[in-house]
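Just protein_9.csv here, CSV, C-alpha atoms:
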```
chain,number,residue,atom,x,y,z
A,1,MET,CA,-61.7,-0.7,-40.5
A,2,SER,CA,-60.9,-2.8,-37.4
A,3,THR,CA,-60.3,-6.5,-37.5
A,4,SER,CA,-60.6,-8.8,-34.6
A,5,ILE,CA,-58.6,-11.9,-34.2
A,6,VAL,CA,-60.8,-14.9,-33.4
A,7,PRO,CA,-59.0,-17.5,-31.4
A,8,SER,CA,-58.8,-20.9,-32.9
A,9,VAL,CA,-61.2,-23.4,-31.3
A,10,GLN,CA,-59.7,-26.5,-29.8
A,11,TYR,CA,-61.7,-29.4,-28.5
A,12,SER,CA,-61.3,-32.5,-26.4
A,13,TYR,CA,-63.6,-35.2,-25.1
A,14,LEU,CA,-64.3,-36.1,-21.5
A,15,GLN,CA,-65.7,-39.5,-20.6
A,16,SER,CA,-68.4,-38.8,-18.0
A,17,PRO,CA,-71.4,-40.5,-16.4
A,18,VAL,CA,-73.6,-39.0,-19.0
A,19,GLY,CA,-71.4,-40.2,-21.9
A,20,PRO,CA,-68.6,-38.5,-23.8
A,21,LEU,CA,-68.8,-34.7,-23.5
A,22,LEU,CA,-67.3,-32.6,-26.3
A,23,ILE,CA,-65.6,-29.6,-24.6
A,24,ALA,CA,-64.4,-26.8,-26.9
A,25,GLY,CA,-62.8,-23.4,-26.5
A,26,ASP,CA,-59.3,-21.9,-26.5
A,27,GLU,CA,-56.6,-21.5,-23.9
A,28,GLY,CA,-58.4,-18.4,-22.5
A,29,ALA,CA,-62.0,-19.6,-22.2
A,30,VAL,CA,-64.4,-22.5,-22.6
A,31,ARG,CA,-67.1,-21.9,-25.3
A,32,TYR,CA,-69.0,-25.1,-25.7
A,33,ILE,CA,-69.9,-28.3,-23.9
A,34,ARG,CA,-72.0,-30.7,-26.0
A,35,PHE,CA,-73.7,-33.9,-24.8
A,36,PRO,CA,-73.4,-37.1,-26.7
A,37,ASN,CA,-76.0,-37.9,-29.4
A,38,GLU,CA,-77.5,-41.4,-28.9
A,39,GLY,CA,-74.5,-42.4,-26.9
A,40,LYS,CA,-72.0,-41.2,-29.5
A,41,PRO,CA,-69.7,-38.2,-29.1
A,42,GLU,CA,-70.9,-35.1,-30.7
A,43,PRO,CA,-68.6,-34.3,-33.7
A,44,PRO,CA,-66.7,-31.0,-33.7
A,45,GLU,CA,-67.5,-28.1,-36.0
A,46,PRO,CA,-65.4,-27.8,-39.2
A,47,GLY,CA,-62.2,-26.0,-38.5
A,48,TRP,CA,-61.9,-27.0,-34.8
A,49,THR,CA,-58.7,-28.7,-33.8
A,50,LYS,CA,-58.4,-31.7,-31.6
A,51,ALA,CA,-55.9,-31.1,-28.8
A,52,ALA,CA,-54.9,-32.3,-25.4
A,53,PRO,CA,-56.6,-30.0,-22.9
A,54,ARG,CA,-54.6,-27.0,-21.9
A,55,GLY,CA,-55.5,-23.7,-20.2
A,56,ALA,CA,-59.2,-23.2,-19.8
A,57,LEU,CA,-60.0,-26.6,-21.4
A,58,ALA,CA,-57.8,-28.4,-18.9
A,59,ASP,CA,-59.5,-26.5,-16.1
A,60,THR,CA,-62.9,-27.4,-17.4
A,61,VAL,CA,-62.1,-31.1,-17.7
A,62,GLN,CA,-60.7,-31.2,-14.1
A,63,GLN,CA,-63.7,-29.3,-12.7
A,64,LEU,CA,-66.2,-31.5,-14.5
A,65,ARG,CA,-64.5,-34.6,-13.2
A,66,GLU,CA,-64.7,-33.1,-9.7
A,67,TYR,CA,-68.4,-32.3,-10.2
A,68,PHE,CA,-69.3,-35.8,-11.4
A,69,ALA,CA,-67.3,-37.3,-8.4
A,70,GLY,CA,-69.4,-35.2,-6.0
A,71,LYS,CA,-66.5,-33.1,-5.0
A,72,ARG,CA,-67.5,-29.8,-6.7
A,73,ARG,CA,-70.7,-27.7,-6.5
A,74,ASP,CA,-69.6,-24.5,-8.3
A,75,PHE,CA,-67.4,-23.9,-11.3
A,76,ASP,CA,-64.7,-21.3,-11.5
A,77,LEU,CA,-63.9,-21.1,-15.2
A,78,PRO,CA,-63.4,-18.4,-17.8
A,79,LEU,CA,-66.5,-18.7,-20.0
A,80,ALA,CA,-67.1,-17.2,-23.4
A,81,PRO,CA,-70.6,-18.4,-24.6
A,82,ALA,CA,-71.6,-17.0,-27.9
A,83,GLY,CA,-75.2,-15.7,-28.0
A,84,THR,CA,-77.3,-12.6,-28.2
A,85,ALA,CA,-77.3,-10.0,-25.4
A,86,PHE,CA,-80.6,-11.4,-24.2
A,87,GLN,CA,-79.4,-15.0,-24.1
A,88,ARG,CA,-76.2,-14.0,-22.3
A,89,SER,CA,-78.3,-12.1,-19.7
A,90,VAL,CA,-80.4,-15.2,-19.1
A,91,TRP,CA,-77.3,-17.4,-18.8
A,92,ARG,CA,-75.8,-15.0,-16.2
A,93,CYS,CA,-79.0,-15.5,-14.2
A,94,LEU,CA,-78.6,-19.3,-14.6
A,95,GLU,CA,-75.2,-19.1,-13.0
A,96,GLN,CA,-76.8,-17.6,-9.9
A,97,ILE,CA,-79.0,-20.7,-9.2
A,98,PRO,CA,-77.4,-22.5,-6.3
A,99,TYR,CA,-76.4,-26.2,-6.5
A,100,GLY,CA,-79.3,-28.5,-5.6
A,101,VAL,CA,-82.0,-25.9,-6.2
A,102,THR,CA,-84.4,-25.7,-9.1
A,103,ILE,CA,-86.5,-22.8,-10.2
A,104,SER,CA,-89.3,-22.4,-12.8
A,105,TYR,CA,-89.0,-20.8,-16.2
A,106,SER,CA,-91.3,-18.1,-14.8
A,107,ASP,CA,-88.9,-17.5,-11.9
A,108,LEU,CA,-86.0,-17.3,-14.4
A,109,ALA,CA,-88.0,-14.8,-16.5
A,110,LYS,CA,-88.5,-12.6,-13.4
A,111,ARG,CA,-84.8,-12.8,-12.4
A,112,SER,CA,-83.9,-11.9,-16.0
A,113,GLY,CA,-86.0,-8.7,-15.7
A,114,LYS,CA,-88.5,-10.0,-18.3
A,115,PRO,CA,-91.3,-11.3,-16.1
A,116,LYS,CA,-93.7,-11.8,-19.1
A,117,ALA,CA,-91.1,-13.5,-21.3
A,118,SER,CA,-91.1,-17.1,-19.9
A,119,ARG,CA,-91.1,-18.6,-23.4
A,120,ALA,CA,-88.2,-16.5,-24.7
A,121,VAL,CA,-86.3,-17.2,-21.5
A,122,GLY,CA,-87.0,-20.9,-22.0
A,123,GLN,CA,-85.6,-20.7,-25.5
A,124,ALA,CA,-82.5,-18.9,-24.3
A,125,ASN,CA,-82.1,-21.6,-21.7
A,126,GLY,CA,-82.3,-24.2,-24.4
A,127,LYS,CA,-79.6,-22.4,-26.4
A,128,ASN,CA,-77.1,-22.5,-23.6
A,129,PRO,CA,-73.8,-23.7,-25.1
A,130,LEU,CA,-72.3,-24.6,-21.7
A,131,PRO,CA,-74.7,-27.0,-20.0
A,132,ILE,CA,-73.7,-28.3,-16.6
A,133,VAL,CA,-71.3,-25.3,-16.1
A,134,ILE,CA,-74.0,-22.8,-16.8
A,135,PRO,CA,-76.7,-24.9,-15.0
A,136,CYS,CA,-79.7,-24.8,-17.4
A,137,HIS,CA,-80.7,-28.2,-15.9
A,138,ARG,CA,-81.8,-26.4,-12.7
A,139,VAL,CA,-84.8,-24.8,-14.5
A,140,ILE,CA,-88.0,-26.7,-14.6
A,141,ALA,CA,-91.6,-26.2,-15.7
A,142,ALA,CA,-94.0,-24.7,-13.1
A,143,ASP,CA,-95.6,-28.1,-12.5
A,144,GLY,CA,-92.2,-29.5,-11.5
A,145,THR,CA,-91.5,-31.4,-14.8
A,146,LEU,CA,-88.4,-30.9,-16.9
A,147,GLY,CA,-90.3,-29.0,-19.5
A,148,GLY,CA,-88.5,-28.5,-22.8
A,149,PHE,CA,-85.0,-29.3,-21.7
A,150,GLY,CA,-83.3,-31.2,-24.6
A,151,GLY,CA,-81.1,-33.4,-22.4
A,152,GLY,CA,-83.8,-36.0,-21.7
A,153,ASP,CA,-82.5,-38.6,-19.2
A,154,VAL,CA,-79.3,-36.7,-19.1
A,155,ALA,CA,-81.1,-33.8,-17.5
A,156,LEU,CA,-82.5,-36.1,-14.8
A,157,LEU,CA,-79.1,-37.4,-14.0
A,158,GLN,CA,-77.7,-33.9,-13.8
A,159,ILE,CA,-80.4,-32.8,-11.4
A,160,ALA,CA,-80.0,-35.9,-9.4
A,161,VAL,CA,-76.2,-35.4,-9.2
A,162,ASP,CA,-76.7,-31.7,-8.3
A,163,ALA,CA,-79.2,-32.5,-5.6
A,164,GLN,CA,-77.1,-35.5,-4.4
A,165,VAL,CA,-80.0,-37.8,-4.7
A,166,LEU,CA,-78.6,-40.4,-7.0
A,167,ILE,CA,-78.5,-43.6,-5.1
A,168,GLY,CA,-77.0,-46.4,-7.2
A,169,GLU,CA,-79.3,-46.4,-10.2
A,170,THR,CA,-82.4,-45.4,-8.4
A,171,MET,CA,-83.7,-41.8,-8.6
A,172,VAL,CA,-85.4,-40.5,-5.5
A,173,ASP,CA,-88.0,-37.7,-5.3
A,174,LEU,CA,-86.8,-34.2,-6.1
A,175,ALA,CA,-89.8,-32.5,-4.5
A,176,PRO,CA,-87.8,-31.3,-1.5
A,177,ALA,CA,-85.4,-29.3,-3.7
A,178,ARG,CA,-88.3,-27.9,-5.7
A,179,ALA,CA,-90.2,-27.0,-2.6
A,180,CYS,CA,-87.1,-25.3,-1.2
A,181,ALA,CA,-86.7,-23.3,-4.4
A,182,ARG,CA,-90.4,-22.2,-4.3
A,183,ARG,CA,-90.3,-21.3,-0.6
A,184,SER,CA,-87.2,-19.2,-1.0
A,185,GLY,CA,-88.9,-17.2,-3.8
A,186,LYS,CA,-86.2,-18.1,-6.3
```

What's the C-alpha coordinates form of this structure?
Amino acid sequence: MSTSIVPSVQYSYLQSPVGPLLIAGDEGAVRYIRFPNEGKPEPPEPGWTKAAPRGALADTVQQLREYFAGKRRDFDLPLAPAGTAFQRSVWRCLEQIPYGVTISYSDLAKRSGKPKASRAVGQANGKNPLPIVIPCHRVIAADGTLGGFGGGDVALLQIAVDAQVLIGETMVDLAPARACARRSGK
(Lines of atoms letter the chains of each structure in order from A and count residues from 1; the text may use other names and numbers.)
(Lines give C-alpha, C1' and ligand atoms only; values in the text may rest on other atoms or scores of the structure.)
Protein backbone atom coordinates (compact mmCIF):
# COMPACT_ATOMS: atom_id res chain seq x y z
CA MET A 1 0.00 0.00 0.00
CA SER A 2 1.51 3.30 -1.04
CA THR A 3 0.84 6.54 0.68
CA SER A 4 1.34 9.92 -0.85
CA ILE A 5 2.19 12.99 1.09
CA VAL A 6 -0.14 15.86 0.32
CA PRO A 7 1.61 19.19 0.82
CA SER A 8 -0.10 21.55 3.23
CA VAL A 9 -1.95 24.35 1.49
CA GLN A 10 -0.95 27.86 2.41
CA TYR A 11 -2.81 30.96 1.35
CA SER A 12 -2.40 34.67 1.09
CA TYR A 13 -4.45 37.56 -0.26
CA LEU A 14 -3.50 39.99 -3.00
CA GLN A 15 -5.26 43.33 -3.32
CA SER A 16 -5.98 43.74 -7.02
CA PRO A 17 -8.08 45.94 -9.32
CA VAL A 18 -10.79 43.24 -9.17
CA GLY A 19 -10.73 43.05 -5.37
CA PRO A 20 -8.89 40.83 -2.90
CA LEU A 21 -7.74 37.61 -4.57
CA LEU A 22 -7.23 34.49 -2.47
CA ILE A 23 -4.11 32.70 -3.71
CA ALA A 24 -3.40 29.23 -2.36
CA GLY A 25 -0.86 26.50 -2.91
CA ASP A 26 2.40 25.32 -1.46
CA GLU A 27 6.01 26.30 -1.96
CA GLY A 28 6.15 24.11 -5.07
CA ALA A 29 2.99 25.13 -6.97
CA VAL A 30 -0.01 27.41 -7.00
CA ARG A 31 -3.31 25.51 -6.80
CA TYR A 32 -6.10 28.09 -6.47
CA ILE A 33 -6.90 31.70 -7.22
CA ARG A 34 -10.32 32.79 -6.04
CA PHE A 35 -12.17 36.01 -6.77
CA PRO A 36 -13.85 38.02 -4.04
CA ASN A 37 -17.50 37.34 -3.36
CA GLU A 38 -19.54 40.57 -3.38
CA GLY A 39 -16.36 42.54 -2.73
CA LYS A 40 -15.31 40.43 0.25
CA PRO A 41 -12.32 38.08 0.22
CA GLU A 42 -13.17 34.45 -0.40
CA PRO A 43 -12.53 32.51 2.83
CA PRO A 44 -9.91 29.76 2.82
CA GLU A 45 -10.81 26.08 3.01
CA PRO A 46 -10.63 24.39 6.42
CA GLY A 47 -7.09 23.27 7.15
CA TRP A 48 -5.39 25.89 5.00
CA THR A 49 -2.75 28.00 6.72
CA LYS A 50 -2.38 31.74 6.26
CA ALA A 51 1.23 32.57 5.47
CA ALA A 52 3.41 35.25 3.97
CA PRO A 53 3.88 34.35 0.31
CA ARG A 54 6.97 32.21 -0.31
CA GLY A 55 8.08 30.09 -3.22
CA ALA A 56 5.36 29.63 -5.84
CA LEU A 57 2.90 31.82 -3.91
CA ALA A 58 5.37 34.73 -3.85
CA ASP A 59 6.01 34.28 -7.58
CA THR A 60 2.26 34.27 -8.24
CA VAL A 61 1.70 37.46 -6.24
CA GLN A 62 4.55 39.19 -8.08
CA GLN A 63 3.42 38.08 -11.55
CA LEU A 64 -0.21 39.03 -10.90
CA ARG A 65 0.92 42.49 -9.77
CA GLU A 66 2.90 42.83 -13.00
CA TYR A 67 -0.11 41.63 -15.03
CA PHE A 68 -2.46 44.16 -13.45
CA ALA A 69 0.14 46.90 -13.95
CA GLY A 70 0.23 46.07 -17.68
CA LYS A 71 3.82 44.82 -17.48
CA ARG A 72 3.15 41.09 -17.99
CA ARG A 73 1.23 39.17 -20.64
CA ASP A 74 2.18 35.59 -19.85
CA PHE A 75 2.69 33.73 -16.61
CA ASP A 76 5.62 31.48 -15.81
CA LEU A 77 4.50 29.65 -12.70
CA PRO A 78 4.43 26.07 -11.43
CA LEU A 79 0.73 25.16 -11.50
CA ALA A 80 -1.05 22.24 -9.86
CA PRO A 81 -4.76 22.62 -10.57
CA ALA A 82 -6.86 19.77 -9.24
CA GLY A 83 -9.37 18.39 -11.72
CA THR A 84 -10.30 15.45 -13.89
CA ALA A 85 -8.09 14.43 -16.80
CA PHE A 86 -10.59 16.06 -19.18
CA GLN A 87 -10.66 19.30 -17.21
CA ARG A 88 -6.86 19.45 -17.09
CA SER A 89 -6.69 18.89 -20.86
CA VAL A 90 -9.09 21.81 -21.41
CA TRP A 91 -7.07 23.99 -19.04
CA ARG A 92 -3.87 23.19 -20.98
CA CYS A 93 -5.65 24.42 -24.12
CA LEU A 94 -6.67 27.60 -22.31
CA GLU A 95 -3.01 28.29 -21.55
CA GLN A 96 -2.34 28.38 -25.30
CA ILE A 97 -4.74 31.27 -25.98
CA PRO A 98 -2.59 34.36 -26.56
CA TYR A 99 -2.92 37.53 -24.56
CA GLY A 100 -5.54 39.87 -26.01
CA VAL A 101 -7.24 37.12 -28.06
CA THR A 102 -10.62 35.54 -27.43
CA ILE A 103 -11.99 32.29 -28.82
CA SER A 104 -15.42 30.65 -28.65
CA TYR A 105 -16.39 27.63 -26.59
CA SER A 106 -16.77 25.78 -29.89
CA ASP A 107 -13.20 26.69 -30.85
CA LEU A 108 -11.97 25.53 -27.46
CA ALA A 109 -13.82 22.24 -27.89
CA LYS A 110 -12.07 21.72 -31.25
CA ARG A 111 -8.68 22.57 -29.73
CA SER A 112 -9.39 20.12 -26.92
CA GLY A 113 -9.97 17.33 -29.43
CA LYS A 114 -13.68 17.13 -28.55
CA PRO A 115 -15.37 19.21 -31.29
CA LYS A 116 -18.90 18.16 -30.29
CA ALA A 117 -18.35 18.78 -26.57
CA SER A 118 -18.76 22.57 -26.34
CA ARG A 119 -21.00 22.30 -23.29
CA ALA A 120 -18.60 19.96 -21.43
CA VAL A 121 -15.68 22.19 -22.39
CA GLY A 122 -17.62 25.19 -21.08
CA GLN A 123 -18.21 23.39 -17.78
CA ALA A 124 -14.50 22.53 -17.51
CA ASN A 125 -13.68 26.16 -18.28
CA GLY A 126 -15.98 27.23 -15.45
CA LYS A 127 -14.26 24.85 -13.01
CA ASN A 128 -10.83 26.38 -13.66
CA PRO A 129 -9.27 26.83 -10.20
CA LEU A 130 -6.62 29.28 -11.48
CA PRO A 131 -8.45 32.09 -13.30
CA ILE A 132 -6.33 34.86 -14.80
CA VAL A 133 -3.22 32.62 -14.80
CA ILE A 134 -5.08 29.95 -16.79
CA PRO A 135 -7.03 32.45 -18.91
CA CYS A 136 -10.61 31.15 -18.90
CA HIS A 137 -11.73 34.77 -19.42
CA ARG A 138 -10.48 34.55 -23.03
CA VAL A 139 -13.29 32.15 -23.97
CA ILE A 140 -16.57 33.72 -25.06
CA ALA A 141 -19.84 32.57 -26.56
CA ALA A 142 -20.06 32.29 -30.35
CA ASP A 143 -22.10 35.51 -30.49
CA GLY A 144 -19.28 37.42 -28.77
CA THR A 145 -20.88 37.60 -25.32
CA LEU A 146 -19.24 36.29 -22.18
CA GLY A 147 -21.57 33.32 -21.99
CA GLY A 148 -21.59 31.43 -18.72
CA PHE A 149 -18.44 32.86 -17.17
CA GLY A 150 -19.00 33.25 -13.44
CA GLY A 151 -16.84 36.33 -13.02
CA GLY A 152 -19.47 38.84 -14.18
CA ASP A 153 -18.00 42.33 -14.32
CA VAL A 154 -14.67 40.85 -13.22
CA ALA A 155 -14.52 38.97 -16.52
CA LEU A 156 -15.08 42.19 -18.45
CA LEU A 157 -12.27 43.86 -16.58
CA GLN A 158 -9.98 40.88 -17.20
CA ILE A 159 -10.67 40.89 -20.92
CA ALA A 160 -10.22 44.64 -21.06
CA VAL A 161 -6.92 44.48 -19.21
CA ASP A 162 -5.82 41.59 -21.42
CA ALA A 163 -6.70 43.45 -24.60
CA GLN A 164 -5.27 46.69 -23.20
CA VAL A 165 -8.51 48.51 -23.88
CA LEU A 166 -9.28 49.78 -20.39
CA ILE A 167 -9.23 53.55 -20.60
CA GLY A 168 -9.96 55.11 -17.23
CA GLU A 169 -13.28 53.58 -16.31
CA THR A 170 -14.59 53.34 -19.86
CA MET A 171 -14.66 50.02 -21.68
CA VAL A 172 -14.14 50.18 -25.42
CA ASP A 173 -15.31 47.74 -28.06
CA LEU A 174 -13.64 44.33 -27.95
CA ALA A 175 -14.80 43.43 -31.47
CA PRO A 176 -11.30 43.81 -33.04
CA ALA A 177 -9.84 41.19 -30.70
CA ARG A 178 -12.79 38.87 -31.34
CA ALA A 179 -12.51 39.35 -35.10
CA CYS A 180 -8.78 38.65 -34.94
CA ALA A 181 -9.43 35.41 -33.08
CA ARG A 182 -12.02 34.34 -35.64
CA ARG A 183 -9.83 35.27 -38.62
CA SER A 184 -6.89 33.32 -37.25
CA GLY A 185 -9.11 30.25 -36.89
CA LYS A 186 -8.35 29.98 -33.19

Counting all atoms listed in the file, which residue out of A:Gly126, A:Gly144, A:Gly100, A:Gly28 sits closest to A:Leu77?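 The shortest atom-to-atom distance to A:Leu77 comes from A:Gly28.
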
For the interface of stretch 78-128 of chain A with stretch 48-66 of chain A (cut-off 12 Å, counting only C-alpha atoms), please tabulate each contacting residue of stretch 78-128 of chain A alongside its nearest pair of atoms and their separation in Å to one decimal, rows sorted by chain and increasing number, as JSON lines.
```
{"residue": "A:Pro78", "atom": "CA", "partner": "A:Ala56", "partner_atom": "CA", "distance": 6.7}
{"residue": "A:Leu79", "atom": "CA", "partner": "A:Ala56", "partner_atom": "CA", "distance": 8.6}
{"residue": "A:Ala80", "atom": "CA", "partner": "A:Ala56", "partner_atom": "CA", "distance": 10.6}
```

Restrict the selected residues to C-alpha atoms and save them as a PDB file, in the coordinates of the input.
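New file again.pdb:
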```pdb
ATOM      1  CA  PRO A  78     -63.400 -18.400 -17.800  1.00  0.00           C
ATOM      2  CA  LEU A  79     -66.500 -18.700 -20.000  1.00  0.00           C
ATOM      3  CA  ALA A  80     -67.100 -17.200 -23.400  1.00  0.00           C
TER       4      ALA A  80
END
```

My list of candidates is A:Ala109, A:Val30, A:Leu94, A:Ile103. Which is closest to A:Asp143 when distances are computed with all atoms listed in the file? A:Ile103

Need to verify the contact set: A:Asn125, 10 Å, all atoms listed in the file, exclusion of same-chain residues closer than 6 positions in sequence. Can you return it as a PyMOL selection string? chain A and resi 87-88+90-91+94+105+108+119+131+134-137+139+148-149

Quote the spacing between atom CA of A:Gly70 and atom CA of A:Glu95 in Å to one decimal place.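 A separation of 18.5 Å between them.
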
Kindly give the distance, in Å, that separates atom CA of A:Phe86 and atom CA of A:Ala124, rounded to a single decimal.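 Atom CA of A:Ala124 lies at a distance of 7.7 Å from atom CA of A:Phe86.
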
Go ahead and compute the interatomic distance for atom CA of A:Ile97 and atom CA of A:Thr84, in Å to one decimal.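 Atom CA of A:Thr84 lies at a distance of 20.7 Å from atom CA of A:Ile97.
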